[in-house]
>>> print(open('entry_0.cif').read())   # mmCIF, C-alpha atoms and all ligand atoms
data_target
loop_
_atom_site.label_atom_id
_atom_site.label_comp_id
_atom_site.auth_asym_id
_atom_site.auth_seq_id
_atom_site.Cartn_x
_atom_site.Cartn_y
_atom_site.Cartn_z
CA MET A 1 17.89 4.17 17.87
CA ILE A 2 16.62 6.05 20.92
CA ILE A 3 18.53 8.11 23.43
CA VAL A 4 17.20 7.91 26.97
CA MET A 5 18.15 11.03 28.90
CA LYS A 6 18.85 11.01 32.63
CA PRO A 7 15.87 12.11 34.79
CA GLN A 8 17.82 15.21 35.85
CA ALA A 9 18.84 16.19 32.28
CA VAL A 10 18.15 19.87 31.64
CA ARG A 11 16.75 21.53 28.51
CA GLU A 12 20.15 22.69 27.24
CA GLU A 13 21.55 19.14 27.46
CA ILE A 14 18.59 17.75 25.54
CA GLY A 15 18.95 20.58 23.00
CA ALA A 16 22.63 19.79 22.46
CA VAL A 17 21.87 16.15 21.65
CA VAL A 18 19.06 17.15 19.30
CA LYS A 19 21.38 19.61 17.53
CA TYR A 20 24.06 16.93 17.04
CA ILE A 21 21.52 14.64 15.40
CA GLU A 22 19.93 17.33 13.23
CA ASP A 23 23.32 18.64 12.16
CA HIS A 24 23.91 15.19 10.65
CA GLY A 25 20.77 15.45 8.53
CA LEU A 26 18.58 13.20 10.66
CA SER A 27 15.29 14.04 12.30
CA VAL A 28 14.28 13.71 15.88
CA HIS A 29 11.16 12.60 17.71
CA LEU A 30 10.99 13.92 21.27
CA SER A 31 8.95 12.16 23.92
CA GLN A 32 8.84 14.12 27.15
CA GLY A 33 7.55 11.80 29.84
CA GLU A 34 6.98 12.66 33.49
CA GLU A 35 10.31 11.12 34.48
CA VAL A 36 12.58 11.09 31.47
CA THR A 37 12.90 12.50 27.99
CA ILE A 38 13.43 10.08 25.14
CA ILE A 39 14.96 11.24 21.88
CA GLY A 40 14.08 9.04 18.92
CA ILE A 41 16.24 9.22 15.81
CA ILE A 42 14.64 8.88 12.39
CA GLY A 43 16.78 8.41 9.31
CA ASP A 44 20.05 6.79 8.29
CA LYS A 45 21.83 6.11 11.58
CA SER A 46 25.10 5.26 9.89
CA LYS A 47 25.64 9.04 9.61
CA ILE A 48 26.13 9.39 13.38
CA SER A 49 28.24 7.75 16.03
CA SER A 50 26.42 6.37 19.06
CA GLU A 51 29.74 6.37 20.89
CA ASN A 52 30.01 10.13 20.44
CA LEU A 53 26.49 10.54 21.73
CA THR A 54 27.21 8.70 24.98
CA VAL A 55 29.65 11.44 26.01
CA TYR A 56 26.99 14.18 25.80
CA LYS A 57 25.95 15.46 29.23
CA GLY A 58 22.61 14.18 30.44
CA VAL A 59 22.60 11.05 28.27
CA ASP A 60 21.72 7.93 30.24
CA ARG A 61 21.80 5.22 27.58
CA ILE A 62 21.36 4.47 23.90
CA VAL A 63 18.95 1.74 22.86
CA PRO A 64 18.83 0.36 19.32
CA VAL A 65 15.35 0.14 17.74
CA THR A 66 15.42 -2.76 15.35
CA GLU A 67 11.77 -2.51 14.25
CA SER A 68 11.13 -0.65 10.99
CA TYR A 69 8.25 1.30 12.57
CA LYS A 70 9.49 4.11 14.78
CA LEU A 71 6.78 6.74 15.39
CA SER A 72 4.22 4.11 16.33
CA ASN A 73 6.79 2.25 18.45
CA ARG A 74 6.37 2.24 22.21
CA LYS A 75 10.15 2.53 22.58
CA PHE A 76 9.95 5.98 20.96
CA HIS A 77 6.94 7.02 23.01
CA PRO A 78 6.51 5.07 26.26
CA GLU A 79 3.37 6.90 27.47
CA PRO A 80 0.09 5.60 26.00
CA THR A 81 -1.53 7.98 23.53
CA THR A 82 -5.08 9.31 23.81
CA VAL A 83 -6.71 10.18 20.49
CA SER A 84 -9.44 12.85 20.48
CA VAL A 85 -12.41 12.20 18.20
CA GLY A 86 -14.90 15.06 18.01
CA ASN A 87 -16.08 15.58 21.58
CA THR A 88 -14.90 12.21 22.87
CA SER A 89 -11.60 10.35 23.03
CA ILE A 90 -9.99 6.92 22.85
CA GLY A 91 -7.22 5.92 25.23
CA PRO A 92 -6.30 4.78 28.74
CA GLY A 93 -8.87 4.83 31.52
CA ILE A 94 -12.01 4.83 29.37
CA LEU A 95 -13.89 2.38 27.21
CA THR A 96 -15.05 4.08 24.02
CA ILE A 97 -17.85 2.44 22.09
CA MET A 98 -18.45 3.04 18.39
CA ALA A 99 -21.73 1.63 17.14
CA GLY A 100 -24.03 1.93 14.17
CA PRO A 101 -25.02 0.26 10.94
CA CYS A 102 -22.61 -1.40 8.55
CA ALA A 103 -23.94 0.93 5.83
CA VAL A 104 -25.84 4.19 5.98
CA GLU A 105 -29.09 3.30 4.20
CA THR A 106 -31.52 6.19 4.74
CA GLU A 107 -31.50 9.35 6.84
CA GLU A 108 -34.35 8.06 9.04
CA GLN A 109 -32.60 4.73 9.61
CA LEU A 110 -29.35 6.40 10.63
CA MET A 111 -31.07 8.91 12.92
CA GLU A 112 -33.03 6.20 14.72
CA ILE A 113 -29.90 4.08 15.20
CA ALA A 114 -27.90 7.10 16.40
CA ILE A 115 -30.48 7.93 19.08
CA GLN A 116 -30.66 4.34 20.28
CA VAL A 117 -26.92 3.61 20.40
CA LYS A 118 -26.34 6.85 22.25
CA LYS A 119 -28.89 5.81 24.88
CA SER A 120 -26.91 2.61 25.39
CA GLY A 121 -23.57 4.35 25.89
CA ALA A 122 -21.98 4.67 22.46
CA THR A 123 -20.13 7.94 21.98
CA ILE A 124 -19.15 7.47 18.34
CA LEU A 125 -21.60 6.70 15.53
CA ARG A 126 -20.27 4.42 12.79
CA GLY A 127 -21.84 4.12 9.37
CA GLY A 128 -20.40 3.19 6.00
CA ALA A 129 -21.01 5.54 3.08
CA TYR A 130 -18.37 3.94 0.83
CA LYS A 131 -18.65 0.18 1.09
CA PRO A 132 -15.78 -2.03 -0.12
CA ARG A 133 -18.00 -5.04 -0.92
CA THR A 134 -16.70 -8.43 -2.01
CA SER A 135 -19.16 -8.44 -4.92
CA PRO A 136 -19.47 -5.45 -7.27
CA TYR A 137 -23.24 -6.16 -7.40
CA SER A 138 -23.75 -5.62 -3.65
CA PHE A 139 -24.87 -2.25 -2.25
CA GLN A 140 -21.89 0.12 -2.58
CA GLY A 141 -23.00 2.90 -0.23
CA LEU A 142 -24.63 6.34 -0.52
CA GLU A 143 -21.28 8.13 -0.75
CA GLU A 144 -21.44 11.89 -0.06
CA GLU A 145 -25.17 11.79 0.67
CA GLY A 146 -24.47 9.19 3.38
CA LEU A 147 -21.82 11.49 4.87
CA ARG A 148 -24.40 14.29 5.03
CA PHE A 149 -26.74 12.00 6.95
CA MET A 150 -23.88 11.27 9.35
CA GLN A 151 -23.38 14.99 9.89
CA ASN A 152 -27.09 15.48 10.57
CA ALA A 153 -27.10 12.60 13.06
CA LYS A 154 -24.15 14.23 14.82
CA LYS A 155 -25.99 17.56 15.00
CA GLU A 156 -29.08 15.88 16.41
CA THR A 157 -27.42 13.59 18.97
CA GLY A 158 -24.01 15.12 19.72
CA LEU A 159 -22.35 11.80 18.88
CA SER A 160 -18.96 11.92 17.19
CA THR A 161 -18.84 10.16 13.84
CA ILE A 162 -16.66 7.77 11.85
CA CYS A 163 -16.90 6.64 8.24
CA GLU A 164 -14.72 4.38 6.11
CA VAL A 165 -12.89 5.91 3.16
CA VAL A 166 -11.70 4.02 0.11
CA SER A 167 -10.17 6.72 -2.08
CA ARG A 168 -8.71 10.20 -2.05
CA GLU A 169 -12.08 11.60 -3.21
CA ALA A 170 -13.78 9.89 -0.26
CA ILE A 171 -11.24 11.44 2.14
CA GLU A 172 -11.80 14.89 0.63
CA ALA A 173 -15.53 14.48 1.19
CA ALA A 174 -15.21 12.92 4.65
CA VAL A 175 -13.18 15.80 6.11
CA LYS A 176 -16.21 18.05 5.53
CA TYR A 177 -18.67 15.85 7.42
CA VAL A 178 -17.19 13.38 9.94
CA ASP A 179 -14.81 13.39 12.92
CA MET A 180 -12.76 10.28 12.13
CA ILE A 181 -11.98 8.25 9.05
CA GLN A 182 -11.59 4.50 8.87
CA ILE A 183 -9.19 2.59 6.68
CA GLY A 184 -10.75 -0.84 6.28
CA ALA A 185 -9.14 -4.26 6.35
CA ARG A 186 -9.02 -4.50 2.58
CA ASN A 187 -7.09 -1.24 2.31
CA MET A 188 -4.66 -1.66 5.20
CA GLN A 189 -1.73 -1.86 2.81
CA ASN A 190 -3.03 0.65 0.28
CA PHE A 191 -0.02 2.86 0.89
CA ILE A 192 -1.27 5.74 -1.25
CA LEU A 193 -4.51 5.84 0.75
CA LEU A 194 -2.57 5.62 4.03
CA LYS A 195 -0.50 8.65 3.03
CA GLU A 196 -3.63 10.57 2.02
CA ALA A 197 -5.18 9.71 5.39
CA GLY A 198 -2.03 11.00 7.03
CA ARG A 199 -2.29 14.28 5.15
CA SER A 200 -6.00 14.68 5.98
CA GLY A 201 -5.17 15.51 9.61
CA LEU A 202 -8.33 13.69 10.78
CA PRO A 203 -8.01 10.92 13.38
CA VAL A 204 -7.73 7.56 11.60
CA LEU A 205 -9.03 4.16 12.65
CA LEU A 206 -6.76 1.62 10.99
CA LYS A 207 -8.25 -1.84 10.79
CA ARG A 208 -6.00 -4.86 10.65
CA GLY A 209 -5.77 -6.42 7.19
CA LEU A 210 -7.35 -9.82 6.66
CA CYS A 211 -3.96 -11.51 6.42
CA ALA A 212 -1.74 -8.88 8.03
CA THR A 213 0.86 -9.63 10.66
CA ILE A 214 1.19 -7.31 13.63
CA ASP A 215 4.41 -6.00 12.17
CA GLU A 216 2.73 -5.14 8.83
CA TRP A 217 -0.14 -3.49 10.68
CA LEU A 218 2.22 -1.27 12.69
CA ASN A 219 4.12 -0.35 9.55
CA ALA A 220 0.81 0.68 7.97
CA ALA A 221 0.18 2.95 10.99
CA GLU A 222 3.68 4.33 10.51
CA TYR A 223 2.75 5.48 6.98
CA ILE A 224 -0.04 7.65 8.44
CA ILE A 225 2.03 9.09 11.28
CA ALA A 226 5.01 9.73 9.01
CA GLU A 227 2.78 12.20 7.09
CA GLY A 228 2.48 14.24 10.28
CA ASN A 229 -0.77 12.76 11.60
CA PRO A 230 -0.22 11.08 14.98
CA HIS A 231 -3.96 10.51 15.65
CA VAL A 232 -4.10 6.82 14.84
CA VAL A 233 -6.21 4.13 16.53
CA LEU A 234 -5.76 0.44 15.67
CA CYS A 235 -8.70 -1.96 15.32
CA GLU A 236 -8.40 -5.75 15.57
CA ARG A 237 -11.23 -7.11 13.41
CA GLY A 238 -10.28 -10.74 12.97
CA ILE A 239 -7.92 -12.43 10.56
CA ARG A 240 -8.45 -15.14 7.99
CA THR A 241 -7.62 -18.64 9.18
CA TYR A 242 -8.67 -22.17 8.17
CA GLU A 243 -11.68 -21.91 10.50
CA THR A 244 -15.01 -21.41 8.75
CA ALA A 245 -17.43 -21.51 11.71
CA THR A 246 -16.85 -17.78 12.19
CA ARG A 247 -16.42 -15.14 9.47
CA ASN A 248 -12.85 -14.50 10.66
CA THR A 249 -10.83 -15.51 13.70
CA LEU A 250 -10.65 -12.81 16.35
CA ASP A 251 -7.03 -12.52 17.42
CA LEU A 252 -7.52 -11.10 20.89
CA SER A 253 -3.89 -11.75 21.73
CA ALA A 254 -3.19 -8.84 19.39
CA VAL A 255 -4.43 -6.50 22.13
CA PRO A 256 -1.72 -7.24 24.74
CA VAL A 257 0.89 -7.67 22.01
CA MET A 258 0.03 -4.27 20.57
CA ARG A 259 0.02 -2.77 24.05
CA GLU A 260 3.64 -3.84 24.39
CA LYS A 261 4.74 -2.75 20.93
CA THR A 262 2.91 0.55 20.47
CA HIS A 263 1.61 3.55 22.38
CA LEU A 264 -1.41 3.85 20.06
CA PRO A 265 -4.90 2.93 21.33
CA VAL A 266 -6.24 -0.48 20.28
CA ILE A 267 -9.92 -1.30 19.88
CA VAL A 268 -11.72 -4.51 18.91
CA ASP A 269 -14.49 -5.18 16.39
CA PRO A 270 -16.40 -8.29 17.50
CA SER A 271 -18.90 -7.91 14.61
CA HIS A 272 -16.68 -8.39 11.54
CA SER A 273 -14.48 -10.87 13.37
CA THR A 274 -17.27 -13.31 14.25
CA GLY A 275 -19.82 -12.53 11.53
CA SER A 276 -22.73 -13.49 13.79
CA TYR A 277 -24.75 -11.44 16.29
CA LYS A 278 -24.76 -14.52 18.55
CA TYR A 279 -21.03 -14.33 19.24
CA VAL A 280 -20.67 -10.56 19.49
CA PRO A 281 -21.50 -10.18 23.22
CA ALA A 282 -19.02 -12.82 24.41
CA MET A 283 -16.19 -11.43 22.31
CA ALA A 284 -17.00 -7.83 23.27
CA LYS A 285 -16.71 -8.75 26.94
CA ALA A 286 -13.50 -10.67 26.30
CA ALA A 287 -12.08 -7.62 24.50
CA VAL A 288 -12.80 -5.37 27.47
CA ALA A 289 -11.35 -7.98 29.84
CA CYS A 290 -8.07 -7.99 27.90
CA ASP A 291 -7.91 -4.19 28.19
CA ALA A 292 -8.96 -2.99 24.75
CA ASP A 293 -9.49 0.79 24.60
CA GLY A 294 -12.79 0.48 22.82
CA LEU A 295 -15.22 -1.52 20.73
CA MET A 296 -16.72 -1.12 17.28
CA ILE A 297 -20.08 -2.87 17.06
CA GLU A 298 -22.59 -3.06 14.22
CA VAL A 299 -26.15 -2.22 15.29
CA HIS A 300 -29.20 -2.15 13.00
CA ASN A 301 -32.85 -1.21 13.43
CA ASP A 302 -33.89 -4.20 11.31
CA PRO A 303 -31.02 -6.68 10.84
CA ALA A 304 -33.15 -9.05 8.75
CA HIS A 305 -33.50 -6.37 6.07
CA ALA A 306 -30.08 -4.69 6.38
CA LEU A 307 -28.40 -3.87 3.07
CA SER A 308 -25.12 -5.23 4.41
CA ASP A 309 -23.89 -7.36 7.31
CA GLY A 310 -27.35 -8.00 8.80
CA PRO A 311 -26.37 -11.40 10.27
CA GLN A 312 -23.72 -9.83 12.51
CA SER A 313 -25.70 -6.74 13.51
CA LEU A 314 -27.20 -6.39 16.98
CA THR A 315 -30.74 -5.15 17.50
CA PHE A 316 -31.22 -2.15 19.81
CA GLU A 317 -32.32 -4.48 22.61
CA LYS A 318 -29.31 -6.75 22.27
CA PHE A 319 -26.96 -3.78 22.13
CA ALA A 320 -28.50 -2.22 25.25
CA LYS A 321 -28.22 -5.52 27.11
CA LEU A 322 -24.58 -5.91 26.09
CA THR A 323 -23.47 -2.43 27.11
CA GLY A 324 -25.15 -2.96 30.50
CA GLU A 325 -23.18 -6.17 30.91
CA LEU A 326 -19.88 -4.48 30.03
CA LYS A 327 -19.88 -2.27 33.11
CA PRO A 328 -18.49 -4.89 35.57
CA PHE A 329 -15.75 -5.77 33.08
CA CYS A 330 -14.78 -2.10 32.95
CA ASP A 331 -14.67 -1.97 36.75
CA VAL A 332 -12.35 -4.96 36.94
CA ILE A 333 -9.97 -3.57 34.34
CA GLY A 334 -10.15 0.00 35.72
CA ARG A 335 -11.88 1.82 32.86
CA SER A 336 -14.76 4.21 33.19
CA PHE A 337 -17.90 3.53 31.21
CA ASN A 338 -21.36 4.43 32.29
CA PRO A 339 -24.00 3.80 29.65
CA ALA A 340 -26.56 5.96 31.43
CA ASP A 341 -24.13 8.85 31.73
CA SER A 342 -22.17 8.98 28.51
CA HIS A 343 -20.86 12.34 27.32
C1 LIG B 1 -16.72 -2.07 8.18
O1 LIG B 1 -16.31 -1.67 9.29
O2 LIG B 1 -17.84 -1.83 7.74
C2 LIG B 1 -15.83 -2.95 7.38
C3 LIG B 1 -16.02 -3.13 6.09
O3 LIG B 1 -14.89 -3.52 8.13
P1 LIG B 1 -13.58 -4.38 7.71
O4 LIG B 1 -12.74 -3.47 6.91
O5 LIG B 1 -13.01 -4.74 9.04
O6 LIG B 1 -14.08 -5.57 6.93
MN MN B 2 -19.90 -4.30 8.03
#
>>> encode(input="entry_0.cif", output="structure tokens")
Amino acid sequence: MIIVMKPQAVREEIGAVVKYIEDHGLSVHLSQGEEVTIIGIIGDKSKISSENLTVYKGVDRIVPVTESYKLSNRKFHPEPTTVSVGNTSIGPGILTIMAGPCAVETEEQLMEIAIQVKKSGATILRGGAYKPRTSPYSFQGLEEEGLRFMQNAKKETGLSTICEVVSREAIEAAVKYVDMIQIGARNMQNFILLKEAGRSGLPVLLKRGLCATIDEWLNAAEYIIAEGNPHVVLCERGIRTYETATRNTLDLSAVPVMREKTHLPVIVDPSHSTGSYKYVPAMAKAAVACDADGLMIEVHNDPAHALSDGPQSLTFEKFAKLTGELKPFCDVIGRSFNPADSH
């Protein structure tokens, strides 16, 4: 349930409502917008009477929230959230591009990719150091050594960094080296990992699970925020359908649906969703056109010899061409992005 206060409600009136709720053992989430204050109630609502609340001064109306996710719910927090990541951010008004290899392979490889993606307008370097591979015999990642290479690439280029984590140990290592952690599709409902990510305090990129509904995805985000970490960004990366021509099916409708349901930023990964470098540019442009807050794109210095996801990785040239082509889409949708002048 949320309580929408009148625009003219004063601090004491808001405080009185909050006290009533807290006195009944429930907790409160305050969203102070430019016009009105919204008081979200978290906990067992049967302990309080909404009728009693309507008589409090300054209360405009009481709206039930039927969804099980509250803190990620746009009803609780109508203003869109901007998430800071190192020296950049993800949210309204800007298009944030994360780019880099699927896996960190060597220090030289990562450094070269970092320099090139920065030139083309990326502000966040991605690179997997812990790889959740389908086969246990595939390359599993360099682990902490890979994180150190990420940190060095950040020092050299000024790019912010993101790395996927798959365990509590990986989170403990990641907090020392990178600016943002990623929970991958295969771990979206690993609730223990979600709670650990929440406790880490680092911004979290939460990818949509391969078979997850929007509701399940938002509940997964709720697990992170409920631990006191509100810095969550959602990433649509394709879902599994009967179609086999692409690796997954990119559900771009998730972007406007999420926009309605949550205040959290939403980005799109056209690489894992299509599985082929050929389809990445079209879907990246479509994602910007439908108002995604950012993109995550795999880029490799030598896709033919990549240790993972080579077929979907863009070369430097293809990535540079794509980011140049994104500019008009940003203009139409009203987002700033200038590849030649990135932070
Ligand atoms: C990745 O980003 O490298 C990755 C493994 O993505 P996903 O979890 O979307 O498959
Ligand atoms: Mn990959």
>>> closest_atom_pairs(input="entry_0.cif", of="chain A", to="ligand MN 2 (chain B)", cutoff="12 Å", atoms="all atoms listed in the file", output="Markdown table")
| residue | atom | partner | partner_atom | distance |
| --- | --- | --- | --- | --- |
| A:Ala99 | CA | B:MN2 | MN | 11.0 |
| A:Gly100 | CA | B:MN2 | MN | 9.7 |
| A:Pro101 | CA | B:MN2 | MN | 7.4 |
| A:Cys102 | CA | B:MN2 | MN | 4.0 |
| A:Ala103 | CA | B:MN2 | MN | 7.0 |
| A:Val104 | CA | B:MN2 | MN | 10.6 |
| A:Arg126 | CA | B:MN2 | MN | 9.9 |
| A:Gly127 | CA | B:MN2 | MN | 8.7 |
| A:Gly128 | CA | B:MN2 | MN | 7.8 |
| A:Ala129 | CA | B:MN2 | MN | 11.1 |
| A:Tyr130 | CA | B:MN2 | MN | 11.0 |
| A:Lys131 | CA | B:MN2 | MN | 8.4 |
| A:Pro132 | CA | B:MN2 | MN | 9.4 |
| A:Arg133 | CA | B:MN2 | MN | 9.2 |
| A:Thr134 | CA | B:MN2 | MN | 11.3 |
| A:Phe139 | CA | B:MN2 | MN | 11.6 |
| A:Gln140 | CA | B:MN2 | MN | 11.7 |
| A:Gly141 | CA | B:MN2 | MN | 11.4 |
| A:Cys163 | CA | B:MN2 | MN | 11.3 |
| A:Glu164 | CA | B:MN2 | MN | 10.3 |
| A:Gly184 | CA | B:MN2 | MN | 9.9 |
| A:Ala185 | CA | B:MN2 | MN | 10.9 |
| A:Arg237 | CA | B:MN2 | MN | 10.6 |
| A:Arg247 | CA | B:MN2 | MN | 11.5 |
| A:Asp269 | CA | B:MN2 | MN | 10.0 |
| A:Pro270 | CA | B:MN2 | MN | 10.9 |
| A:Ser271 | CA | B:MN2 | MN | 7.6 |
| A:His272 | CA | B:MN2 | MN | 6.3 |
| A:Ser273 | CA | B:MN2 | MN | 10.1 |
| A:Thr274 | CA | B:MN2 | MN | 11.3 |
| A:Gly275 | CA | B:MN2 | MN | 8.9 |
| A:Ser276 | CA | B:MN2 | MN | 11.2 |
| A:Tyr277 | CA | B:MN2 | MN | 11.9 |
| A:Met296 | CA | B:MN2 | MN | 10.3 |
| A:Ile297 | CA | B:MN2 | MN | 9.1 |
| A:Glu298 | CA | B:MN2 | MN | 6.9 |
| A:Val299 | CA | B:MN2 | MN | 9.8 |
| A:His300 | CA | B:MN2 | MN | 10.8 |
| A:Pro303 | CA | B:MN2 | MN | 11.7 |
| A:Ala306 | CA | B:MN2 | MN | 10.3 |
| A:Leu307 | CA | B:MN2 | MN | 9.9 |
| A:Ser308 | CA | B:MN2 | MN | 6.4 |
| A:Asp309 | CA | B:MN2 | MN | 5.1 |
| A:Gly310 | CA | B:MN2 | MN | 8.4 |
| A:Pro311 | CA | B:MN2 | MN | 9.9 |
| A:Gln312 | CA | B:MN2 | MN | 8.1 |
| A:Ser313 | CA | B:MN2 | MN | 8.3 |
| A:Leu314 | CA | B:MN2 | MN | 11.7 |
>>> atom_distance(input="entry_0.cif", atom1="CA of Arg168 in chain A", atom2="CA of Asn219 in chain A")
20.3 Å
>>> residues_near_point(input="entry_0.cif", point="(-11.5, 13.8, 17.6)", cutoff="8 Å", atoms="only C-alpha atoms", output="list in words")
Val83, Ser84, Val85, Gly86, Asn87, Thr88, Ser89, Ser160, Asp179, Met180, Leu202 and Pro203 of chain A
>>> atom_distance(input="entry_0.cif", atom1="CA of Lys75 in chain A", atom2="CA of Ala9 in chain A")
18.9 Å
>>> closest_residue(input="entry_0.cif", among="A:Gly33, A:Arg148, A:Ile124, A:Gly238", to="Leu95 in chain A", atoms="all atoms listed in the file")
A:Ile124
>>> closest_residue(input="entry_0.cif", among="A:Gly146, A:Gly209, A:Pro64, A:Gly15", to="ligand LIG 1 (chain B)", atoms="all atoms listed in the file")
A:Gly209
>>> residues_around(input="entry_0.cif", residues="Ser253 in chain A", least_positions_apart="5", cutoff="10 Å", atoms="all atoms listed in the file", output="VMD selection string")
chain A and resid 236 258 287 290
